[in-house]
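Student: Sharing a structure, written as structure tokens. Questions coming.
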4 protein chains.
Amino acid sequence: MNGQEDLAEACRNWWRTGIIAMRPGEIRIRGYPIEQLVGRLSFAEMIWLVTRGEVPEAGRVRLLEAALVAAVDHGPQAPSIAIARMGVSCGIGLNHAMASALNVLGDVHGGACEQAMELHARVAAGIAAGRPLEAAAAAAVTDWERDHGRYLPGFGHRFHPVDPRAPRLLELVEAAAREGLVEGGVAAIARAVENLLETRRGRPVPLNIDGAVAVVFAELGFPPPLARGLFCLSRSLGILAHAFEQMQAGERNKGPTPPECFWVYDGPPPRDYVSGTGNAEGGSEGPPAPATKQNEEARR
Amino acid sequence: MNGQEDLAEACRNWWRTGIIAMRPGEIRIRGYPIEQLVGRLSFAEMIWLVTRGEVPEAGRVRLLEAALVAAVDHGPQAPSIAIARMGVSCGIGLNHAMASALNVLGDVHGGACEQAMELHARVAAGIAAGRPLEAAAAAAVTDWERDHGRYLPGFGHRFHPVDPRAPRLLELVEAAAREGLVEGGVAAIARAVENLLETRRGRPVPLNIDGAVAVVFAELGFPPPLARGLFCLSRSLGILAHAFEQMQAGERNKGPTPPECFWVYDGPPPRDYVSGTGNAEGGSEGPPAPATKQNEEARR
Amino acid sequence: MNGQEDLAEACRNWWRTGIIAMRPGEIRIRGYPIEQLVGRLSFAEMIWLVTRGEVPEAGRVRLLEAALVAAVDHGPQAPSIAIARMGVSCGIGLNHAMASALNVLGDVHGGACEQAMELHARVAAGIAAGRPLEAAAAAAVTDWERDHGRYLPGFGHRFHPVDPRAPRLLELVEAAAREGLVEGGVAAIARAVENLLETRRGRPVPLNIDGAVAVVFAELGFPPPLARGLFCLSRSLGILAHAFEQMQAGERNKGPTPPECFWVYDGPPPRDYVSGTGNAEGGSEGPPAPATKQNEEARR
Amino acid sequence: MNGQEDLAEACRNWWRTGIIAMRPGEIRIRGYPIEQLVGRLSFAEMIWLVTRGEVPEAGRVRLLEAALVAAVDHGPQAPSIAIARMGVSCGIGLNHAMASALNVLGDVHGGACEQAMELHARVAAGIAAGRPLEAAAAAAVTDWERDHGRYLPGFGHRFHPVDPRAPRLLELVEAAAREGLVEGGVAAIARAVENLLETRRGRPVPLNIDGAVAVVFAELGFPPPLARGLFCLSRSLGILAHAFEQMQAGERNKGPTPPECFWVYDGPPPRDYVSGTGNAEGGSEGPPAPATKQNEEARR
């Protein structure tokens, strides 16, 4: 009998959340009845309430919206967008296309925002330890380059000389700081790193969308992993829009490039397989054969 | 040479979109420079602009937000939410947890909204063909039950006697109709089907969240597949919030039930495998063995 | 107290399977102790045992392996393979790349095998109803074209005049039929449809990989949805191999086409956004603007 | 004109692989015509050929198969398996269920094998630097515990006192070493770590499935990230089998626990939302409220 009670208790305690409470006919989000939120909260306020626990001040939520609006889309050359479009052409539903696309927002494609927040936090730690801003920025950048190499998350863009989203976001953060809605310290850090990079590298390496969004999220108090999640939420919208547009195009099995644009093959030359071959060194991975004439033909 | 030109042309034309245009330093969404949208559009207005092509009237976007706010979460018993939480406990990032979870918003868990829009559209087609509302609703429901069985998408809930989100959304649609922001015809259809079901089945089978959200999206002119995408976007937020909360709990490899709550095994009884057995009927799929005493033990 | 017992019982009965039984220190698959299977079963025999419940005859498992080997890869132009490679370049792990890729094996890219099995089953139903093979094939094809259009699942290939995998698989099925390992009826159906199409369309529309694999799976008694799953398992291997190869290439954020190969933009011309605009027709989706000179520039 | 040529060339060179070459009517895998592989290679030999470039000796491939067979399934309490089953109940196809499930084989659920290979490699590095096996093992374990804590990847199991798959795999590796098919050095390392742990902790912490599979893959020369991929491939089969079994059960929207087994809510107590509230500290994340009486009710 006790075993029954223990098991029942264990099952009842297995799932636990501070986000939502329910009884038949009643749904409360962070304590509020859902029907009091529907029609009163904007979607962005709901984002804040659900992830942070409270409804924010209007000015702060506007800043969150600015970041969410900025990061929605970067066109079909972005792997996430291309994947959503290819997925739809393979006959899958929008939720599946969104899933395949969101799934690639990994450390390289989606994680730069989270990493930029960590870089900014290193500078902030230096300031907290008593260094002036410029010195703290210089030390943090030097450390980062030593640990991770020359690529600084949140700065520089391979396509845009100046990413038009970044200065706009920074300007909004600075205006919010003047109104007392945020502190503005992280924006100052980002500007200091930008200046430092221009001096050190002899050319501008301006703040990009990842860096600017990182500034907004940090100023608003979002922890870095959650900030990556918000970037995903924002980009979900671009993914959805492209997936839906692709759905209307009616193409089937759309590959990355036109079919006449083949790939380069650089593996072993043509050979015959005789049953039962197999060699003890199976898996030796010598240098790949150079692309041969046969390969040239293969890709046409 | 012509081959080169043709291939270059084919590559340039392979990807095509009406959503976003870019040049170095310039990003335009639906024709607008991104820096003019950032800080001016709410995230919900951006949802509309990106998916539909224009910025909507304020009253219409508020209705969209009501639907997005309503559908965010239904707790860790919902498969999508549980999956996100389990995924995080397996050590995957938030974007991956969101992907695995979004991916299950299939026809049963996420598609009811899209299907409800189709049911409503059948009624609307009857009205357009000259039938009165009640007759059109009766005919559409009868047809639907014949094609798909007794389960009507958008009506009834296995947990809530009345789903508190549905009447609130319907009330907002009706208020918007009085203001001339929407037509109100789909709301009337939903009410007519609700009345019909109560009469036919002798008990209330009220509009649920899927049906109510379907009304909002249809009144606002969103096509059904896109409406499913919007439901996914809304639920993405709940998924993100739960995934982030789970991340802070620090559990590892969280299964669906507590480990002491085993599963029932109803397959073949214990047997020995002797090398090289294998029978010509391999794969005969007879009825599974009944759960035996051995199985009873197995699950403890 | 009774409530406790009921809840404990409900939890214990929630998950149920005939595949695996476990006790501490003991794992049985379909009744067999796992340690008797490890080292004795080939992976293909395990595939059969786990999905069907029994270990097959050696000759039948060899036929299954032929199908699994045939479907592994179709190169980086296949959306699934390209997606895996793009995903890896975005910094995600192999399991995530495999997930995003597998996820697009939808009705168009991966489902043709399942659909081909349904087409073959229609012919078989005709034969079972007493029609000769050719008449049954003709009727099934006519019906299919009426329901689904001219595209017949499992026949024709946009790249290969003859898909080299298909005749090889068919030859193996026919050899197995001569040995009494399979019946051979589905192979005959596939040949009959192939002949019929050549006659009707005046050119060969030969069996392709989806159709050939469908023949193998049907001859071996796999139900169509499971057959799609087996195709996924086979293609998982190609996806894994390409993802791992891409991982070693070290590219970051690899888009579908080279960055200098932009997309065509065919949306609204450049325009300015003035705060608070928004029109009651928001979302009117007129015909997209033709690709303009601006667009020409945009894609460079 | 030159631009055209350059663009065409860039597109042609964008995708590159050493795995597969194709021309119309011809498919070569690692140089071999596919039709020579189909019917001659086992699926496991194909796994080796595709990922490593060569067909292995028969004895080595049998060892690979042993590892693949061992790791297929661990029942519906494993998050990956539960997710696949829940996904299917939400109305998604098998490929989607497989994707959502594979996707959670992250560092905690699927990565232990890869991590165990790294632990073994540290011991091997010690041996290569001239230390005796036991000393190298002791040093590597001490270092690992310092870097990562007490949990050693590949050793110990929360359910099985002895995981029956591990000794069986180790026995097969040792037999293969006696036949000269593998070196056996990694198996010896695993045994040494096992002994060391028993001595240090005063109780057995035996090799588990992750550790045993890691031994096999290392002995066969698979690099660690690829080994994780092979684990995913093996587990894909278990996922597929459970997803297909669930499909036949016909349940809809299957949550993790029975519906009567609710969750614990530990968020803010019930409160009313008044439009326009919102506080400057929005998002303060104080300690969650203790589970209250209201919560007790909420979960029933």
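Lettering and numbering for the structure tokens are positional, with chains as A, B, ... in the shown order, residues counted from 1 in each chain, and ligands counted from 1 in the shown order.
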Give me, as a short mmCIF file (atom, residue, chain, number, x, y, z; two decimals) with N, CA and C atoms, in the first residue's frame, the contact residues of chain A against chain B at a cut-off of 6 Å, counting only C-alpha atoms.

Tutor:
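What landed in out-v1.cif:
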data_model
loop_
_atom_site.label_atom_id
_atom_site.label_comp_id
_atom_site.auth_asym_id
_atom_site.auth_seq_id
_atom_site.Cartn_x
_atom_site.Cartn_y
_atom_site.Cartn_z
N PRO A 24 -9.73 22.45 -14.27
CA PRO A 24 -10.74 22.45 -15.34
C PRO A 24 -11.43 23.81 -15.43
N GLY A 25 -11.41 24.42 -16.59
CA GLY A 25 -12.03 25.72 -16.79
C GLY A 25 -11.16 26.89 -16.39
N GLU A 35 -7.71 34.69 -19.40
CA GLU A 35 -8.70 35.56 -20.08
C GLU A 35 -8.50 37.03 -19.73
N VAL A 38 -5.50 37.86 -22.43
CA VAL A 38 -5.92 37.87 -23.83
C VAL A 38 -6.66 39.17 -24.13
N GLY A 39 -6.19 39.93 -25.09
CA GLY A 39 -6.84 41.19 -25.44
C GLY A 39 -6.25 42.37 -24.69
N SER A 42 0.10 42.76 -25.25
CA SER A 42 0.65 42.55 -26.60
C SER A 42 1.42 41.23 -26.59
N PHE A 43 1.74 40.72 -27.78
CA PHE A 43 2.46 39.46 -27.83
C PHE A 43 3.84 39.63 -27.18
N THR A 51 8.45 34.37 -19.99
CA THR A 51 9.85 33.98 -19.77
C THR A 51 10.44 34.57 -18.50
N GLU A 65 10.78 44.67 -28.43
CA GLU A 65 10.18 44.52 -29.76
C GLU A 65 11.13 44.97 -30.86
N ALA A 66 11.88 46.03 -30.60
CA ALA A 66 12.82 46.51 -31.61
C ALA A 66 13.82 45.40 -31.97
N VAL A 69 12.02 42.61 -33.92
CA VAL A 69 11.72 43.01 -35.30
C VAL A 69 12.99 42.99 -36.15
N ALA A 70 14.10 43.40 -35.54
CA ALA A 70 15.34 43.53 -36.32
C ALA A 70 15.86 42.19 -36.82
N LEU A 94 4.33 23.22 -42.40
CA LEU A 94 5.04 24.41 -41.93
C LEU A 94 5.73 24.18 -40.59
N ASN A 95 5.07 23.45 -39.68
CA ASN A 95 5.71 23.23 -38.37
C ASN A 95 6.99 22.42 -38.54
N HIS A 96 6.99 21.47 -39.45
CA HIS A 96 8.18 20.67 -39.66
C HIS A 96 9.29 21.51 -40.32
N ALA A 99 10.79 23.58 -37.74
CA ALA A 99 11.64 22.80 -36.84
C ALA A 99 13.01 22.54 -37.46
N LEU A 102 14.88 26.04 -37.48
CA LEU A 102 15.26 26.49 -36.14
C LEU A 102 16.42 25.67 -35.59
N ASN A 103 16.38 24.40 -35.93
CA ASN A 103 17.35 23.45 -35.40
C ASN A 103 18.79 23.80 -35.78
N PHE A 159 28.87 40.63 -45.30
CA PHE A 159 28.12 41.20 -46.43
C PHE A 159 27.92 42.71 -46.28
N HIS A 160 27.49 43.14 -45.10
CA HIS A 160 27.20 44.56 -44.90
C HIS A 160 28.43 45.30 -44.36
N PRO A 161 28.89 46.35 -45.05
CA PRO A 161 29.96 47.19 -44.46
C PRO A 161 29.48 47.72 -43.11
N VAL A 162 28.27 48.28 -43.09
CA VAL A 162 27.61 48.58 -41.82
C VAL A 162 26.25 47.90 -41.86
N ASP A 163 25.99 47.06 -40.88
CA ASP A 163 24.71 46.36 -40.80
C ASP A 163 23.66 47.38 -40.36
N PRO A 164 22.69 47.71 -41.22
CA PRO A 164 21.79 48.84 -40.91
C PRO A 164 20.96 48.63 -39.64
N ARG A 165 20.86 47.40 -39.17
CA ARG A 165 20.05 47.13 -37.99
C ARG A 165 20.76 47.53 -36.71
N ARG A 168 20.76 51.41 -35.59
CA ARG A 168 19.39 51.76 -35.21
C ARG A 168 19.06 51.21 -33.82
N GLY A 229 17.31 32.09 -27.16
CA GLY A 229 15.96 31.64 -27.42
C GLY A 229 15.10 32.72 -28.05
N ALA A 241 7.53 32.85 -42.67
CA ALA A 241 7.11 33.63 -43.84
C ALA A 241 7.70 33.04 -45.12
#

Student: Enumerate, as JSON, numbers by chain, the complete set of residues in range 29-95 of chain A that a backbone-based DSSP assignment places in strand (DSSP E or B).

Tutor: {"A": [29, 32, 33, 56]}

Student: How would the residues just chosen look if you wrote them out with N, CA and C atoms as a PDB file, in the first residue's frame?

Tutor:
ATOM      1  N   ILE A  29      -1.460  32.025 -16.078  1.00  0.00           N
ATOM      2  CA  ILE A  29      -0.076  32.175 -16.516  1.00  0.00           C
ATOM      3  C   ILE A  29       0.612  33.089 -15.514  1.00  0.00           C
ATOM      4  N   TYR A  32      -1.766  34.924 -13.362  1.00  0.00           N
ATOM      5  CA  TYR A  32      -2.884  35.680 -13.956  1.00  0.00           C
ATOM      6  C   TYR A  32      -3.829  34.761 -14.729  1.00  0.00           C
ATOM      7  N   PRO A  33      -5.136  34.964 -14.604  1.00  0.00           N
ATOM      8  CA  PRO A  33      -6.074  34.193 -15.434  1.00  0.00           C
ATOM      9  C   PRO A  33      -5.841  34.543 -16.904  1.00  0.00           C
ATOM     10  N   PRO A  56       6.405  43.816 -18.178  1.00  0.00           N
ATOM     11  CA  PRO A  56       7.366  44.922 -18.068  1.00  0.00           C
ATOM     12  C   PRO A  56       6.715  46.277 -18.300  1.00  0.00           C
TER      13      PRO A  56
END

Student: Just the residues within 9 Å of Ala176 in chain C, please, counting only C-alpha atoms, with nothing from its chain fewer than 5 positions along; format it as a PyMOL selection string.

Tutor: chain C and resi 59-60+63+171+181-184

Student: For the selection you just gave me, I'd like the residues written to a file as a PDB file, in the first residue's frame, keeping all heavy atoms.

Tutor:
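Output (result_13.pdb):
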ATOM      1  N   GLY C  59      18.193 -15.430 -46.491  1.00  0.00           N
ATOM      2  CA  GLY C  59      17.988 -14.930 -47.848  1.00  0.00           C
ATOM      3  C   GLY C  59      17.092 -13.702 -47.869  1.00  0.00           C
ATOM      4  O   GLY C  59      17.274 -12.786 -48.676  1.00  0.00           O
ATOM      5  N   ARG C  60      16.130 -13.693 -46.990  1.00  0.00           N
ATOM      6  CA  ARG C  60      15.217 -12.554 -46.933  1.00  0.00           C
ATOM      7  C   ARG C  60      15.917 -11.323 -46.364  1.00  0.00           C
ATOM      8  O   ARG C  60      15.679 -10.208 -46.822  1.00  0.00           O
ATOM      9  CB  ARG C  60      13.975 -12.910 -46.102  1.00  0.00           C
ATOM     10  CG  ARG C  60      13.026 -13.815 -46.873  1.00  0.00           C
ATOM     11  CD  ARG C  60      12.040 -14.562 -45.987  1.00  0.00           C
ATOM     12  NE  ARG C  60      11.033 -13.720 -45.376  1.00  0.00           N
ATOM     13  CZ  ARG C  60       9.913 -13.302 -45.969  1.00  0.00           C
ATOM     14  NH1 ARG C  60       9.672 -13.634 -47.228  1.00  0.00           N
ATOM     15  NH2 ARG C  60       9.042 -12.557 -45.328  1.00  0.00           N
ATOM     16  N   LEU C  63      17.962  -9.540 -48.955  1.00  0.00           N
ATOM     17  CA  LEU C  63      17.170  -8.688 -49.846  1.00  0.00           C
ATOM     18  C   LEU C  63      16.872  -7.346 -49.168  1.00  0.00           C
ATOM     19  O   LEU C  63      16.919  -6.283 -49.801  1.00  0.00           O
ATOM     20  CB  LEU C  63      15.866  -9.425 -50.189  1.00  0.00           C
ATOM     21  CG  LEU C  63      15.186  -9.068 -51.500  1.00  0.00           C
ATOM     22  CD1 LEU C  63      16.143  -9.113 -52.675  1.00  0.00           C
ATOM     23  CD2 LEU C  63      14.014 -10.024 -51.739  1.00  0.00           C
ATOM     24  N   GLU C 171      16.203  -7.342 -60.244  1.00  0.00           N
ATOM     25  CA  GLU C 171      16.895  -8.592 -60.568  1.00  0.00           C
ATOM     26  C   GLU C 171      17.095  -9.436 -59.298  1.00  0.00           C
ATOM     27  O   GLU C 171      16.897 -10.656 -59.310  1.00  0.00           O
ATOM     28  CB  GLU C 171      18.235  -8.179 -61.203  1.00  0.00           C
ATOM     29  CG  GLU C 171      19.287  -9.191 -61.426  1.00  0.00           C
ATOM     30  CD  GLU C 171      20.630  -8.454 -61.781  1.00  0.00           C
ATOM     31  OE1 GLU C 171      20.621  -7.602 -62.703  1.00  0.00           O
ATOM     32  OE2 GLU C 171      21.645  -8.723 -61.104  1.00  0.00           O
ATOM     33  N   LEU C 181      12.169 -17.494 -51.867  1.00  0.00           N
ATOM     34  CA  LEU C 181      12.294 -16.644 -50.677  1.00  0.00           C
ATOM     35  C   LEU C 181      11.207 -15.594 -50.613  1.00  0.00           C
ATOM     36  O   LEU C 181      10.824 -15.140 -49.531  1.00  0.00           O
ATOM     37  CB  LEU C 181      13.660 -15.960 -50.658  1.00  0.00           C
ATOM     38  CG  LEU C 181      14.837 -16.892 -50.384  1.00  0.00           C
ATOM     39  CD1 LEU C 181      16.144 -16.221 -50.776  1.00  0.00           C
ATOM     40  CD2 LEU C 181      14.851 -17.282 -48.899  1.00  0.00           C
ATOM     41  N   VAL C 182      10.763 -15.163 -51.777  1.00  0.00           N
ATOM     42  CA  VAL C 182       9.630 -14.233 -51.841  1.00  0.00           C
ATOM     43  C   VAL C 182       8.715 -14.710 -52.951  1.00  0.00           C
ATOM     44  O   VAL C 182       9.086 -15.587 -53.750  1.00  0.00           O
ATOM     45  CB  VAL C 182      10.092 -12.781 -52.145  1.00  0.00           C
ATOM     46  CG1 VAL C 182      10.977 -12.241 -51.010  1.00  0.00           C
ATOM     47  CG2 VAL C 182      10.822 -12.704 -53.476  1.00  0.00           C
ATOM     48  N   GLU C 183       7.526 -14.107 -53.019  1.00  0.00           N
ATOM     49  CA  GLU C 183       6.562 -14.579 -54.024  1.00  0.00           C
ATOM     50  C   GLU C 183       6.845 -14.057 -55.422  1.00  0.00           C
ATOM     51  O   GLU C 183       6.618 -14.734 -56.409  1.00  0.00           O
ATOM     52  CB  GLU C 183       5.163 -14.143 -53.608  1.00  0.00           C
ATOM     53  CG  GLU C 183       4.656 -14.863 -52.370  1.00  0.00           C
ATOM     54  CD  GLU C 183       3.189 -15.189 -52.518  1.00  0.00           C
ATOM     55  OE1 GLU C 183       2.549 -14.670 -53.469  1.00  0.00           O
ATOM     56  OE2 GLU C 183       2.675 -15.961 -51.684  1.00  0.00           O
ATOM     57  N   GLY C 184       7.282 -12.814 -55.486  1.00  0.00           N
ATOM     58  CA  GLY C 184       7.598 -12.253 -56.793  1.00  0.00           C
ATOM     59  C   GLY C 184       6.444 -11.524 -57.456  1.00  0.00           C
ATOM     60  O   GLY C 184       6.599 -10.923 -58.522  1.00  0.00           O
TER      61      GLY C 184
END

Student: If we count only C-alpha atoms and set the cut-off at 7 Å, which residues sit around range 124-127 of chain C, ignoring sequence neighbours fewer than 5 positions away in its own chain? Please answer as a list in words.

Tutor: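 That gives Pro132, Leu133 and Ala136 of chain C.
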
Student: Can I get the selected residues back with N, CA, C and O atoms, as a short mmCIF file (atom, residue, chain, number, x, y, z; two decimals), in the first residue's frame?

Tutor:
data_model
loop_
_atom_site.label_atom_id
_atom_site.label_comp_id
_atom_site.auth_asym_id
_atom_site.auth_seq_id
_atom_site.Cartn_x
_atom_site.Cartn_y
_atom_site.Cartn_z
N PRO C 132 -6.73 -10.03 -64.93
CA PRO C 132 -5.36 -10.37 -65.32
C PRO C 132 -4.41 -9.21 -64.95
O PRO C 132 -4.86 -8.06 -64.83
N LEU C 133 -3.14 -9.53 -64.79
CA LEU C 133 -2.15 -8.54 -64.37
C LEU C 133 -2.20 -7.26 -65.19
O LEU C 133 -2.27 -6.15 -64.65
N ALA C 136 -5.32 -5.23 -64.61
CA ALA C 136 -5.32 -4.66 -63.25
C ALA C 136 -4.37 -3.47 -63.19
O ALA C 136 -4.68 -2.44 -62.57
#

Student: Work out how far apart CA of Ser275 in chain A and CA of Ala175 in chain C are and give it in Å to one decimal.

Tutor: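 CA of Ser275 in chain A sits 17.5 Å away from CA of Ala175 in chain C.
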